[in-house]
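> Contents of input.cif (mmCIF, C-alpha atoms):
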data_input
#
loop_
_atom_site.label_atom_id
_atom_site.label_comp_id
_atom_site.auth_asym_id
_atom_site.auth_seq_id
_atom_site.Cartn_x
_atom_site.Cartn_y
_atom_site.Cartn_z
CA MET A 146 -30.33 44.37 35.00
CA THR A 147 -26.67 45.14 35.71
CA ALA A 148 -24.84 46.92 32.91
CA PRO A 149 -21.82 45.08 31.47
CA LEU A 150 -18.47 46.17 32.86
CA ILE A 151 -17.11 46.88 29.39
CA SER A 152 -19.31 48.28 26.65
CA LEU A 153 -18.49 50.53 23.72
CA GLU A 154 -22.02 50.59 22.39
CA GLY A 155 -22.49 53.59 20.11
CA ARG A 156 -18.88 54.78 20.54
CA THR A 157 -16.46 55.47 17.71
CA VAL A 158 -12.81 54.63 18.32
CA VAL A 159 -9.81 55.44 16.12
CA VAL A 160 -7.13 52.72 16.13
CA THR A 161 -3.75 53.30 14.51
CA GLY A 162 -1.61 50.43 13.32
CA ALA A 163 -4.79 48.42 12.83
CA GLY A 164 -3.60 45.96 10.22
CA GLN A 165 -2.07 43.33 12.49
CA GLY A 166 -1.21 42.35 16.03
CA ILE A 167 -2.54 44.49 18.85
CA GLY A 168 -4.18 47.03 16.54
CA ARG A 169 -6.11 44.39 14.64
CA ALA A 170 -7.25 42.74 17.86
CA ALA A 171 -8.33 46.14 19.23
CA VAL A 172 -10.47 46.87 16.17
CA GLU A 173 -12.11 43.46 16.42
CA LEU A 174 -12.92 43.91 20.11
CA VAL A 175 -14.20 47.48 19.68
CA VAL A 176 -16.71 46.21 17.12
CA GLU A 177 -17.58 43.16 19.24
CA LEU A 178 -18.35 45.50 22.16
CA GLY A 179 -20.79 47.49 20.05
CA GLY A 180 -18.55 50.29 18.84
CA ASN A 181 -17.50 51.67 15.49
CA ALA A 182 -13.83 51.39 14.53
CA VAL A 183 -11.79 53.79 12.43
CA ALA A 184 -8.92 51.55 11.38
CA LEU A 185 -5.71 53.13 10.12
CA ASP A 186 -2.70 51.35 8.69
CA LEU A 187 0.11 52.07 6.25
CA ASN A 188 -0.47 48.84 4.34
CA ALA A 189 -3.76 48.73 2.42
CA ASP A 190 -3.69 44.96 1.77
CA THR A 191 -3.02 44.14 5.40
CA LEU A 192 -5.78 46.49 6.53
CA GLU A 193 -8.33 45.03 4.13
CA ALA A 194 -7.49 41.51 5.28
CA ALA A 195 -7.78 42.54 8.93
CA THR A 196 -11.24 44.05 8.53
CA ALA A 197 -12.73 41.76 5.87
CA ALA A 198 -14.74 39.66 8.32
CA LEU A 199 -16.13 42.65 10.26
CA PRO A 200 -19.48 44.33 9.52
CA GLN A 201 -18.51 47.04 7.07
CA ASP A 202 -21.06 49.51 8.39
CA LYS A 203 -19.10 49.50 11.66
CA VAL A 204 -15.65 50.09 10.18
CA LEU A 205 -13.98 52.99 8.38
CA MET A 206 -10.65 52.05 6.79
CA VAL A 207 -7.97 54.71 6.30
CA VAL A 208 -4.62 54.05 4.62
CA GLY A 209 -1.62 56.22 5.43
CA SER A 210 1.16 57.11 7.84
CA VAL A 211 0.57 58.14 11.44
CA ALA A 212 3.39 60.66 10.99
CA ASP A 213 1.10 62.77 8.79
CA ALA A 214 -0.64 65.55 10.71
CA GLU A 215 -2.98 66.38 7.83
CA LEU A 216 -4.09 62.76 7.59
CA ALA A 217 -4.87 62.74 11.31
CA ALA A 218 -7.08 65.80 10.97
CA SER A 219 -8.83 64.56 7.83
CA THR A 220 -9.44 61.12 9.37
CA VAL A 221 -11.20 62.67 12.35
CA ALA A 222 -13.34 64.71 9.94
CA GLN A 223 -14.21 61.56 7.95
CA ALA A 224 -15.09 59.69 11.13
CA VAL A 225 -17.36 62.49 12.34
CA GLU A 226 -19.09 62.62 8.97
CA ARG A 227 -19.58 58.84 8.92
CA PHE A 228 -20.42 58.14 12.58
CA GLY A 229 -21.32 61.51 14.10
CA ALA A 230 -18.47 61.85 16.60
CA VAL A 231 -15.22 60.31 17.81
CA HIS A 232 -15.23 59.04 21.39
CA GLY A 233 -11.94 57.18 21.66
CA LEU A 234 -8.42 56.79 20.33
CA VAL A 235 -5.88 53.98 20.55
CA ASN A 236 -2.40 55.23 19.61
CA ASN A 237 -0.94 51.87 18.70
CA ALA A 238 1.09 52.17 15.48
CA GLY A 239 4.71 51.22 15.90
CA ILE A 240 7.93 50.09 14.25
CA ILE A 241 11.35 48.97 15.46
CA ARG A 242 14.80 49.78 14.08
CA PRO A 243 17.18 47.98 16.49
CA ALA A 244 20.80 49.03 16.89
CA MET A 245 23.19 49.62 19.76
CA ILE A 246 23.55 53.29 20.69
CA GLU A 247 27.00 53.73 19.17
CA LYS A 248 25.90 52.14 15.89
CA MET A 249 22.43 53.67 15.47
CA THR A 250 22.01 55.89 12.42
CA VAL A 251 20.14 59.18 12.43
CA LYS A 252 17.52 57.62 10.14
CA GLU A 253 17.00 54.65 12.46
CA TRP A 254 16.54 57.06 15.36
CA GLN A 255 14.22 59.42 13.50
CA ASP A 256 12.02 56.76 11.89
CA VAL A 257 11.06 55.32 15.27
CA ILE A 258 10.59 58.73 16.91
CA ASP A 259 8.41 59.88 14.00
CA VAL A 260 6.03 56.91 14.23
CA HIS A 261 5.82 56.35 17.98
CA LEU A 262 6.23 59.80 19.49
CA THR A 263 5.37 62.37 16.83
CA GLY A 264 2.63 60.14 15.43
CA THR A 265 1.10 59.79 18.89
CA PHE A 266 1.11 63.58 19.27
CA PHE A 267 -0.52 64.19 15.87
CA TRP A 268 -3.41 61.78 16.49
CA LEU A 269 -3.91 62.78 20.10
CA GLN A 270 -4.04 66.42 19.02
CA ALA A 271 -6.48 65.81 16.17
CA VAL A 272 -8.85 63.66 18.22
CA GLY A 273 -8.45 65.87 21.30
CA ARG A 274 -9.36 69.01 19.38
CA HIS A 275 -12.60 67.34 18.29
CA MET A 276 -13.40 66.17 21.81
CA VAL A 277 -12.65 69.58 23.35
CA SER A 278 -14.81 71.27 20.73
CA ARG A 279 -17.70 68.94 21.55
CA ALA A 280 -17.27 69.68 25.25
CA LYS A 281 -17.25 73.43 24.71
CA GLY A 282 -20.44 72.99 22.69
CA GLY A 283 -22.18 71.48 25.68
CA ASP A 284 -21.54 67.76 25.12
CA SER A 285 -20.42 66.36 28.48
CA SER A 286 -19.79 62.82 27.25
CA GLY A 287 -16.04 63.44 26.98
CA GLY A 288 -13.78 60.79 25.55
CA ALA A 289 -10.97 58.35 26.25
CA ILE A 290 -7.48 58.07 24.77
CA VAL A 291 -5.15 55.11 25.27
CA ASN A 292 -1.51 55.43 24.26
CA ILE A 293 0.23 52.11 23.75
CA SER A 294 3.57 52.46 25.49
CA SER A 295 5.91 49.72 26.67
CA ASP A 296 7.96 48.52 29.59
CA ALA A 297 10.92 49.60 27.45
CA GLY A 298 9.90 53.17 28.24
CA ARG A 299 10.17 52.49 31.98
CA LYS A 300 13.13 50.07 32.11
CA GLY A 301 15.13 50.84 28.98
CA SER A 302 15.83 48.30 26.25
CA ILE A 303 19.25 47.17 25.07
CA GLY A 304 19.64 47.79 21.36
CA GLN A 305 16.55 50.00 21.14
CA VAL A 306 17.36 53.44 22.52
CA ASN A 307 15.08 54.99 19.89
CA TYR A 308 12.12 52.80 20.87
CA ALA A 309 12.70 53.20 24.62
CA ALA A 310 13.00 56.99 24.30
CA ALA A 311 9.82 57.20 22.23
CA LYS A 312 7.85 55.00 24.62
CA ALA A 313 9.06 57.01 27.62
CA GLY A 314 8.01 60.18 25.83
CA MET A 315 4.53 58.78 25.36
CA LEU A 316 4.18 58.60 29.13
CA GLY A 317 4.82 62.35 29.33
CA ILE A 318 2.28 62.99 26.59
CA THR A 319 -0.26 60.89 28.49
CA MET A 320 0.16 62.77 31.78
CA THR A 321 0.09 66.18 30.13
CA ALA A 322 -3.07 65.46 28.14
CA ALA A 323 -4.72 64.09 31.28
CA ARG A 324 -3.96 67.32 33.16
CA GLU A 325 -5.01 69.65 30.33
CA TRP A 326 -8.19 67.87 29.26
CA GLY A 327 -9.55 66.41 32.48
CA ARG A 328 -11.91 69.38 32.86
CA TYR A 329 -13.55 68.33 29.59
CA ASN A 330 -14.07 64.76 30.83
CA ILE A 331 -11.42 63.52 28.42
CA ARG A 332 -9.40 60.72 30.00
CA THR A 333 -5.91 59.87 28.78
CA ASN A 334 -4.02 56.78 29.91
CA SER A 335 -1.19 54.64 28.66
CA VAL A 336 -0.76 50.89 28.67
CA CYS A 337 2.75 49.50 29.05
CA PHE A 338 2.93 46.07 27.49
CA GLY A 339 5.57 43.47 28.09
CA VAL A 340 6.05 40.77 25.48
CA VAL A 341 2.98 40.26 23.31
CA GLU A 342 2.90 37.68 20.52
CA THR A 343 3.17 40.02 17.53
CA PRO A 344 5.55 40.28 14.55
CA MET A 345 7.49 43.02 16.40
CA THR A 346 8.50 40.63 19.20
CA GLU A 347 9.56 37.65 17.11
CA VAL A 348 13.25 38.14 17.91
CA VAL A 349 12.90 38.31 21.71
CA ARG A 350 10.57 35.31 21.62
CA GLY A 351 13.03 33.35 19.51
CA GLU A 352 15.36 30.60 20.70
CA LYS A 353 18.26 32.98 21.48
CA PHE A 354 16.38 35.13 24.02
CA ARG A 355 13.31 33.06 24.96
CA ASP A 356 14.50 31.48 28.22
CA LYS A 357 16.12 34.67 29.52
CA MET A 358 12.98 36.70 28.81
CA LEU A 359 10.56 34.18 30.32
CA ALA A 360 12.68 34.00 33.47
CA GLN A 361 11.85 37.69 34.06
CA ILE A 362 8.08 37.20 33.72
CA PRO A 363 6.39 35.83 36.86
CA LEU A 364 3.44 34.48 34.84
CA ASP A 365 6.00 32.58 32.71
CA ARG A 366 4.35 33.14 29.34
CA TRP A 367 3.83 35.63 26.55
CA ALA A 368 0.55 37.52 26.14
CA SER A 369 -1.71 37.28 23.12
CA PRO A 370 -3.03 40.40 21.35
CA GLN A 371 -6.59 39.31 22.10
CA GLU A 372 -5.76 39.11 25.81
CA VAL A 373 -4.15 42.53 26.21
CA VAL A 374 -6.69 44.54 24.20
CA LYS A 375 -9.29 43.75 26.84
CA THR A 376 -7.43 46.17 29.10
CA VAL A 377 -7.33 48.78 26.33
CA CYS A 378 -11.07 48.56 25.79
CA PHE A 379 -11.69 48.72 29.53
CA LEU A 380 -9.82 52.04 29.63
CA LEU A 381 -11.95 53.27 26.72
CA SER A 382 -15.16 52.32 28.51
CA ASP A 383 -17.19 53.82 31.35
CA GLY A 384 -15.76 51.11 33.59
CA ALA A 385 -12.65 53.32 33.78
CA SER A 386 -14.55 56.59 34.19
CA TYR A 387 -12.36 57.79 37.10
CA ILE A 388 -9.00 56.71 35.69
CA THR A 389 -6.78 59.22 33.90
CA GLY A 390 -3.09 60.03 33.62
CA GLN A 391 -2.10 56.47 34.56
CA HIS A 392 0.41 54.01 33.11
CA LEU A 393 -1.03 50.52 33.45
CA GLY A 394 1.41 47.64 33.15
CA VAL A 395 0.00 44.65 31.26
CA ASN A 396 3.09 42.51 31.27
CA GLY A 397 2.71 39.35 33.34
CA GLY A 398 4.77 40.97 36.09
CA PHE A 399 7.75 41.78 33.87
CA HIS A 400 7.93 45.24 35.44
CA ILE A 401 6.77 45.51 39.05
CA SER A 402 7.01 48.81 40.93
CA LEU A 403 5.23 50.84 43.61
#
Go through the file and emit its structure as structure tokens.


Amino acid sequence: MTAPLISLEGRTVVVTGAGQGIGRAAVELVVELGGNAVALDLNADTLEAATAALPQDKVLMVVGSVADAELAASTVAQAVERFGAVHGLVNNAGIIRPAMIEKMTVKEWQDVIDVHLTGTFFWLQAVGRHMVSRAKGGDSSGGAIVNISSDAGRKGSIGQVNYAAAKAGMLGITMTAAREWGRYNIRTNSVCFGVVETPMTEVVRGEKFRDKMLAQIPLDRWASPQEVVKTVCFLLSDGASYITGQHLGVNGGFHISL
């Protein structure tokens, strides 16, 4: 019998920003594929609603900010105690604070950097330390980390210099982790999304920008969260066992390059 291309059977995956959109869809698919999900979100009510229909023995809910290094470390410890180990991470949490460069406040800049870039580092470090420790202890199973970046980090984004800078920085984090941890069989990749139907993209999908945005997408449509998380879970699975340090565009052709 041929093994399925994507399976997360017996794996435990941490997902940040799990209360809605891409994060929620990722948690649902991780569980559907046989894995355990550690679901983190800042909003307790949103998180509870997102996980209510899932088997509770497969989900660990954690409420808090990704920009909290101590929470990252304690969450990994909780996950190990509950499920035995952590095998994957999806750095997904994100916010937007739009403003043109000359009008952006220091707080608007820092809030986005703290969540997207510093938050990514904290969770990658906490999960990576656990994975490296397992490897040094003789466990060769390794792990997989997926950082959710964006085409904004490769093309720039008018009115979002904070977001574009953070997403570009995540690409550097991805490549560095891939180089440092490859010897431990820890794979680190990023996914660069285009326009996904989430609350964060409501403005660009609105009447003012809709036609202009769709004209730049060869597939001529937005993506759904449920569609794009299939790629995320593929990168977490053994189907991507020889892929690391890559930035995979899942964008309908919005950004096409060599």

> Taking the file as shown, find all residues satisfying the PyMOL selection byres ((chain A and resi 310) around 9) and write them as a PyMOL selection string.

chain A and resi 258+262+297-298+301+305-309+311-315

> Given the PyMOL selection byres ((chain A and resi 323) around 12) and the file above, list the residues it selects as number ranges by chain.

A: 269, 273, 288-292, 316-322, 324-335, 387-392

> Find the residue from A:Leu393, A:Leu205, A:Gly168, A:Ser295 that sits nearest to A:Asn236; use only C-alpha atoms when measuring.

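Of all the options, A:Gly168 lies closest to A:Asn236.
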
> What does the distance from atom CA of A:Lys203 to atom CA of A:Phe228 come to in Å, to one decimal?

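Distance between the two atoms: 8.8 Å.
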
> Once the PyMOL selection byres ((chain A and resi 209) around 8) has been applied to the shown file, what residues remain in the selection, as a ChimeraX atom specification?

/A:185-188,207-208,210-211,213,216

> Restricting the calculation to only C-alpha atoms: of A:Gly233, A:Pro149, A:Gly339, A:Pro200, which residue gets closest to A:Thr161?

A:Gly233

> Kindly indicate which residue among A:Gln223, A:Gln361, A:Gln371, A:Thr376 lies nearest to A:Glu173, using only C-alpha atoms for the distances.

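Between A:Gln223, A:Gln361, A:Gln371, A:Thr376, the residue approaching A:Glu173 most closely is A:Gln371.
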
> Tell me which of A:Met276, A:Met358, A:Ala214, A:Ala197 sits closest to A:Val231, counting only C-alpha atoms.

A:Met276

> Produce stretch 262-280 of chain A of the given structure as output with N, CA and C atoms, as a PDB file, in the first residue's frame.


ATOM      1  N   LEU A 262       8.278  39.722  13.099  1.00  0.00           N
ATOM      2  CA  LEU A 262       9.703  39.386  13.023  1.00  0.00           C
ATOM      3  C   LEU A 262      10.246  38.867  14.355  1.00  0.00           C
ATOM      4  N   THR A 263      10.080  39.652  15.413  1.00  0.00           N
ATOM      5  CA  THR A 263      10.570  39.209  16.720  1.00  0.00           C
ATOM      6  C   THR A 263       9.788  37.992  17.204  1.00  0.00           C
ATOM      7  N   GLY A 264       8.480  37.990  16.988  1.00  0.00           N
ATOM      8  CA  GLY A 264       7.676  36.835  17.374  1.00  0.00           C
ATOM      9  C   GLY A 264       8.116  35.571  16.659  1.00  0.00           C
ATOM     10  N   THR A 265       8.387  35.690  15.369  1.00  0.00           N
ATOM     11  CA  THR A 265       8.881  34.540  14.608  1.00  0.00           C
ATOM     12  C   THR A 265      10.183  34.012  15.208  1.00  0.00           C
ATOM     13  N   PHE A 266      11.097  34.926  15.541  1.00  0.00           N
ATOM     14  CA  PHE A 266      12.364  34.512  16.143  1.00  0.00           C
ATOM     15  C   PHE A 266      12.155  33.800  17.472  1.00  0.00           C
ATOM     16  N   PHE A 267      11.304  34.341  18.349  1.00  0.00           N
ATOM     17  CA  PHE A 267      11.086  33.729  19.660  1.00  0.00           C
ATOM     18  C   PHE A 267      10.575  32.291  19.534  1.00  0.00           C
ATOM     19  N   TRP A 268       9.600  32.079  18.656  1.00  0.00           N
ATOM     20  CA  TRP A 268       8.995  30.742  18.552  1.00  0.00           C
ATOM     21  C   TRP A 268       9.892  29.774  17.810  1.00  0.00           C
ATOM     22  N   LEU A 269      10.577  30.265  16.789  1.00  0.00           N
ATOM     23  CA  LEU A 269      11.552  29.429  16.099  1.00  0.00           C
ATOM     24  C   LEU A 269      12.666  29.009  17.058  1.00  0.00           C
ATOM     25  N   GLN A 270      13.123  29.924  17.878  1.00  0.00           N
ATOM     26  CA  GLN A 270      14.185  29.606  18.830  1.00  0.00           C
ATOM     27  C   GLN A 270      13.722  28.582  19.856  1.00  0.00           C
ATOM     28  N   ALA A 271      12.529  28.789  20.415  1.00  0.00           N
ATOM     29  CA  ALA A 271      12.032  27.886  21.453  1.00  0.00           C
ATOM     30  C   ALA A 271      11.804  26.477  20.908  1.00  0.00           C
ATOM     31  N   VAL A 272      11.159  26.384  19.756  1.00  0.00           N
ATOM     32  CA  VAL A 272      10.906  25.075  19.155  1.00  0.00           C
ATOM     33  C   VAL A 272      12.215  24.459  18.668  1.00  0.00           C
ATOM     34  N   GLY A 273      13.074  25.278  18.065  1.00  0.00           N
ATOM     35  CA  GLY A 273      14.352  24.778  17.563  1.00  0.00           C
ATOM     36  C   GLY A 273      15.238  24.231  18.665  1.00  0.00           C
ATOM     37  N   ARG A 274      15.276  24.884  19.803  1.00  0.00           N
ATOM     38  CA  ARG A 274      16.071  24.383  20.921  1.00  0.00           C
ATOM     39  C   ARG A 274      15.624  22.987  21.329  1.00  0.00           C
ATOM     40  N   HIS A 275      14.306  22.791  21.362  1.00  0.00           N
ATOM     41  CA  HIS A 275      13.767  21.467  21.698  1.00  0.00           C
ATOM     42  C   HIS A 275      14.161  20.430  20.651  1.00  0.00           C
ATOM     43  N   MET A 276      14.032  20.791  19.392  1.00  0.00           N
ATOM     44  CA  MET A 276      14.360  19.847  18.317  1.00  0.00           C
ATOM     45  C   MET A 276      15.851  19.504  18.308  1.00  0.00           C
ATOM     46  N   VAL A 277      16.699  20.508  18.495  1.00  0.00           N
ATOM     47  CA  VAL A 277      18.148  20.268  18.533  1.00  0.00           C
ATOM     48  C   VAL A 277      18.504  19.374  19.720  1.00  0.00           C
ATOM     49  N   SER A 278      17.878  19.622  20.856  1.00  0.00           N
ATOM     50  CA  SER A 278      18.134  18.803  22.039  1.00  0.00           C
ATOM     51  C   SER A 278      17.759  17.353  21.796  1.00  0.00           C
ATOM     52  N   ARG A 279      16.621  17.138  21.136  1.00  0.00           N
ATOM     53  CA  ARG A 279      16.207  15.770  20.799  1.00  0.00           C
ATOM     54  C   ARG A 279      17.232  15.118  19.889  1.00  0.00           C
ATOM     55  N   ALA A 280      17.699  15.887  18.896  1.00  0.00           N
ATOM     56  CA  ALA A 280      18.670  15.341  17.946  1.00  0.00           C
ATOM     57  C   ALA A 280      19.971  14.969  18.643  1.00  0.00           C
TER      58      ALA A 280
END
